[in-house]
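Quick notes on the structure that follows.
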Amino acid sequence: MDVLLIAGLWLDGSVWDDVASALGPLGHRAVPLTLPGQGDGATSATLDDQVAAVLAAVDSAPGRPMVVGHSAACALAWLAADARPEKVAKIALIGGFPTPDGQPYADFFEVSDGVMPFPGWGPFEGPDTADLDEQARRDLAAAAIPVPGAVAKGVVRLTDERRYDVPVVLVCPEFTPAQAREWIAAGDVPELARAKHVEFVDIDSGHWPMVTKPVELARLLAATAEA
């Protein structure tokens, strides 16, 4: 099965290199995506441009791919399920949740000069970064690509309720499956509350398991694809 890998904010497709290398021997073709405005040199990209890039990858995949979203890009994976419910075999969400219809994609930090730069590690201190050593922090910060403001502030539009039929696996890194279930039950994750097939998988890592636990994450994704 093709496994489309979409990284979260500030990251391009290269962050998946170790995961992709481990997925191949497990029988799956990894397709890391570098999104418009996050690695292709464009600063004027919009959320629609990123959604179009994800859908192009879905459409060009042989068979029905699994779409993997990390962090904020969980919303992009969910948008793929909304736009292509008959084509997407499964959605895997790593350390994030779908953004509801009508909400901004990732309006989390200040936009300056048209982009949302990486804010440094301060906002992520705690469980998010507990397993990142100093070298990993330096490498991630050095590779961080400012996100175009029109991406961060773009409004999510969901239109096809068949998305709720697409199976979802929620990979829980810095939080536990029990916490995720509580948030869904409390109404904090309305899209997953309506999804008909949601499974929860734990991975003992911080927010960036593709960096700190790539082999374990690849095995988890392979098992998810085969389930």
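Within each chain, counting starts at residue 1; across the structure tokens, chains are named A, B, ... in the order shown, with ligands numbered 1 upward in that order.
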
Task: DSSP strand (DSSP E or B) residues within region 2-226 of chain A, listed as a VMD selection string - done: chain A and resid 2 to 6 29 to 33 66 to 70 90 to 94 104 112 115 to 116 147 to 148 155 168 to 172 198 to 202

If we count only C-alpha atoms, what is near region 54-69 of chain A at a cut-off of 8 Å, once residues fewer than 4 positions away on the same chain are taken out, given as a short mmCIF file (atom, residue, chain, number, x, y, z; two decimals) with C-alpha atoms, in the first residue's frame?
data_model
loop_
_atom_site.label_atom_id
_atom_site.label_comp_id
_atom_site.auth_asym_id
_atom_site.auth_seq_id
_atom_site.Cartn_x
_atom_site.Cartn_y
_atom_site.Cartn_z
CA MET A 1 0.00 0.00 0.00
CA ASP A 2 1.13 3.56 -0.66
CA VAL A 3 1.53 5.51 2.59
CA LEU A 4 1.32 9.26 2.06
CA LEU A 5 3.21 11.11 4.80
CA ILE A 6 2.31 14.74 5.57
CA ALA A 7 4.42 16.55 8.16
CA GLY A 8 3.15 19.26 10.44
CA LEU A 33 5.04 15.07 0.73
CA LEU A 35 3.83 20.91 0.69
CA GLN A 50 -1.61 22.46 0.14
CA ALA A 73 -1.41 18.32 9.11
CA CYS A 74 -3.92 15.92 10.64
CA ALA A 75 -6.38 18.47 9.25
CA LEU A 76 -4.92 17.95 5.76
CA ALA A 77 -5.27 14.19 6.05
CA ALA A 80 -8.27 14.26 1.92
CA ALA A 83 -12.57 15.15 -0.72
CA ARG A 84 -11.80 11.53 -1.66
CA LYS A 87 -10.22 6.64 -2.68
CA VAL A 88 -8.61 6.94 0.77
CA ALA A 89 -8.31 3.55 2.45
CA LYS A 90 -7.48 4.81 5.91
CA ILE A 91 -6.35 7.89 7.79
CA ALA A 92 -3.60 7.86 10.42
CA LEU A 93 -3.34 10.92 12.67
CA ILE A 94 -0.13 11.41 14.65
CA ALA A 225 -2.01 -0.29 6.84
#

Interface rows for region 20-111 of chain A against region 157-166 of chain A: nearest pair, Å to one decimal, 6 Å, only C-alpha atoms, as CSV:
residue,atom,partner,partner_atom,distance
A:Ala81,CA,A:Arg163,CA,5.2
A:Asp82,CA,A:Arg163,CA,4.7
A:Pro85,CA,A:Arg163,CA,5.4
A:Lys90,CA,A:Val166,CA,5.9
A:Asp101,CA,A:Arg157,CA,5.0
A:Gly102,CA,A:Arg157,CA,5.9

Open item on the list: Quick check for you: according to DSSP on this backbone, which residues of region 112-222 of chain A are classed as alpha helix (DSSP H)? Reply as an MDAnalysis selection string.
Closed with: chainID A and resid 134:143 149:152 177:185 190:194 209:212 214:222

- [ ] May I have the residues within 7 Å of region 118-123 of chain A as a list in words, using only C-alpha atoms and disregarding those fewer than 3 positions away in the same chain?
- [x] Trp10, Ala144 and Pro146 of chain A

Please write the residues from the selection above to a file, keeping all heavy atoms, as a CSV table (one decimal), in the first residue's frame.
chain,number,residue,atom,x,y,z
A,10,TRP,N,6.1,23.8,9.6
A,10,TRP,CA,7.5,24.1,9.5
A,10,TRP,C,8.4,23.0,8.9
A,10,TRP,O,9.6,23.2,8.7
A,10,TRP,CB,8.1,24.6,10.8
A,10,TRP,CG,7.3,25.6,11.5
A,10,TRP,CD1,7.1,26.9,11.1
A,10,TRP,CD2,6.6,25.5,12.7
A,10,TRP,NE1,6.3,27.6,11.9
A,10,TRP,CE2,6.0,26.7,13.0
A,10,TRP,CE3,6.4,24.5,13.6
A,10,TRP,CZ2,5.2,27.0,14.1
A,10,TRP,CZ3,5.6,24.7,14.7
A,10,TRP,CH2,5.0,25.9,15.0
A,144,ALA,N,13.5,24.3,10.1
A,144,ALA,CA,12.1,24.8,10.2
A,144,ALA,C,11.9,25.9,9.1
A,144,ALA,O,12.7,26.8,8.9
A,144,ALA,CB,11.9,25.4,11.5
A,146,PRO,N,9.4,28.8,7.6
A,146,PRO,CA,8.2,29.6,8.0
A,146,PRO,C,7.0,29.2,7.2
A,146,PRO,O,7.1,29.0,5.9
A,146,PRO,CB,8.7,31.0,7.7
A,146,PRO,CG,10.2,31.0,7.8
A,146,PRO,CD,10.6,29.6,7.3

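Residues within 12 Å of Ala136 (chain A), counting only C-alpha atoms and excluding same-chain residues fewer than 2 positions away, are Val15, Trp121, Thr129, Ala130, Asp131, Leu132, Asp133, Glu134, Arg138, Asp139, Leu140, Ala141, Ala142, Ala143, Trp208, Pro209, Met210, Val211 and Thr212 of chain A.
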
Residues near Asp202 (chain A), cut-off 8 Å, only C-alpha atoms, skip fewer than 6 positions along chain, as a PDB file with N, CA, C and O atoms, in the first residue's frame:
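Okay, this is what ended up in selection_39.pdb:
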ATOM      1  N   VAL A 171      -2.734   7.953  16.418  1.00  0.00           N
ATOM      2  CA  VAL A 171      -1.466   7.602  17.050  1.00  0.00           C
ATOM      3  C   VAL A 171      -1.197   8.626  18.152  1.00  0.00           C
ATOM      4  O   VAL A 171      -1.141   9.828  17.901  1.00  0.00           O
ATOM      5  N   CYS A 172      -1.030   8.129  19.374  1.00  0.00           N
ATOM      6  CA  CYS A 172      -0.932   8.991  20.553  1.00  0.00           C
ATOM      7  C   CYS A 172       0.511   9.028  21.034  1.00  0.00           C
ATOM      8  O   CYS A 172       0.985   8.076  21.669  1.00  0.00           O
ATOM      9  N   PRO A 173       1.251  10.122  20.767  1.00  0.00           N
ATOM     10  CA  PRO A 173       2.642  10.211  21.209  1.00  0.00           C
ATOM     11  C   PRO A 173       2.776  10.870  22.578  1.00  0.00           C
ATOM     12  O   PRO A 173       2.905  10.173  23.585  1.00  0.00           O
ATOM     13  N   THR A 176      -1.932  10.125  25.898  1.00  0.00           N
ATOM     14  CA  THR A 176      -2.281   8.713  25.936  1.00  0.00           C
ATOM     15  C   THR A 176      -3.610   8.466  25.217  1.00  0.00           C
ATOM     16  O   THR A 176      -4.416   9.390  25.052  1.00  0.00           O
ATOM     17  N   PRO A 177      -3.863   7.220  24.811  1.00  0.00           N
ATOM     18  CA  PRO A 177      -5.174   6.899  24.254  1.00  0.00           C
ATOM     19  C   PRO A 177      -6.311   7.249  25.204  1.00  0.00           C
ATOM     20  O   PRO A 177      -7.372   7.705  24.763  1.00  0.00           O
TER      21      PRO A 177
END

TODO: Show which residues sit within 7 Å of region 16-24 of chain A, as a list of chain:residue names. Count only C-alpha atoms, and ignore same-chain residues fewer than 6 positions away.
DONE: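 Result of the neighbour search: A:Ala30, A:Pro32, A:Met210, A:Pro214, A:Val215, A:Leu217, A:Ala218, A:Ala222.
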
File of the preceding selection, C-alpha atoms, as a JSON list (two decimals), in the first residue's frame:
[["chain", "number", "residue", "atom", "x", "y", "z"],
["A", 30, "ALA", "CA", 6.28, 5.61, 1.54],
["A", 32, "PRO", "CA", 6.63, 11.83, 1.88],
["A", 210, "MET", "CA", 9.33, 10.44, 13.10],
["A", 214, "PRO", "CA", 11.22, 6.36, 13.29],
["A", 215, "VAL", "CA", 11.53, 2.57, 13.19],
["A", 217, "LEU", "CA", 6.58, 4.52, 13.99],
["A", 218, "ALA", "CA", 7.16, 2.76, 10.67],
["A", 222, "ALA", "CA", 2.74, -0.76, 8.55]]

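All residues of protein, DNA or RNA that reach within 10 Å of Asp40 (chain A), judged by only C-alpha atoms and not counting those fewer than 4 positions away in the chain, are Asp12, Thr34, Leu35, Pro36, Ala45 and Ile145 of chain A.
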
Open item on the list: Which residue is closest to Pro100 (chain A)? Choose from A:Ala53, A:Ile184, A:Ala193, A:Val156 and count only C-alpha atoms.
Closed with: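 Using only C-alpha atoms, Pro100 (chain A) sits closest to A:Val156.
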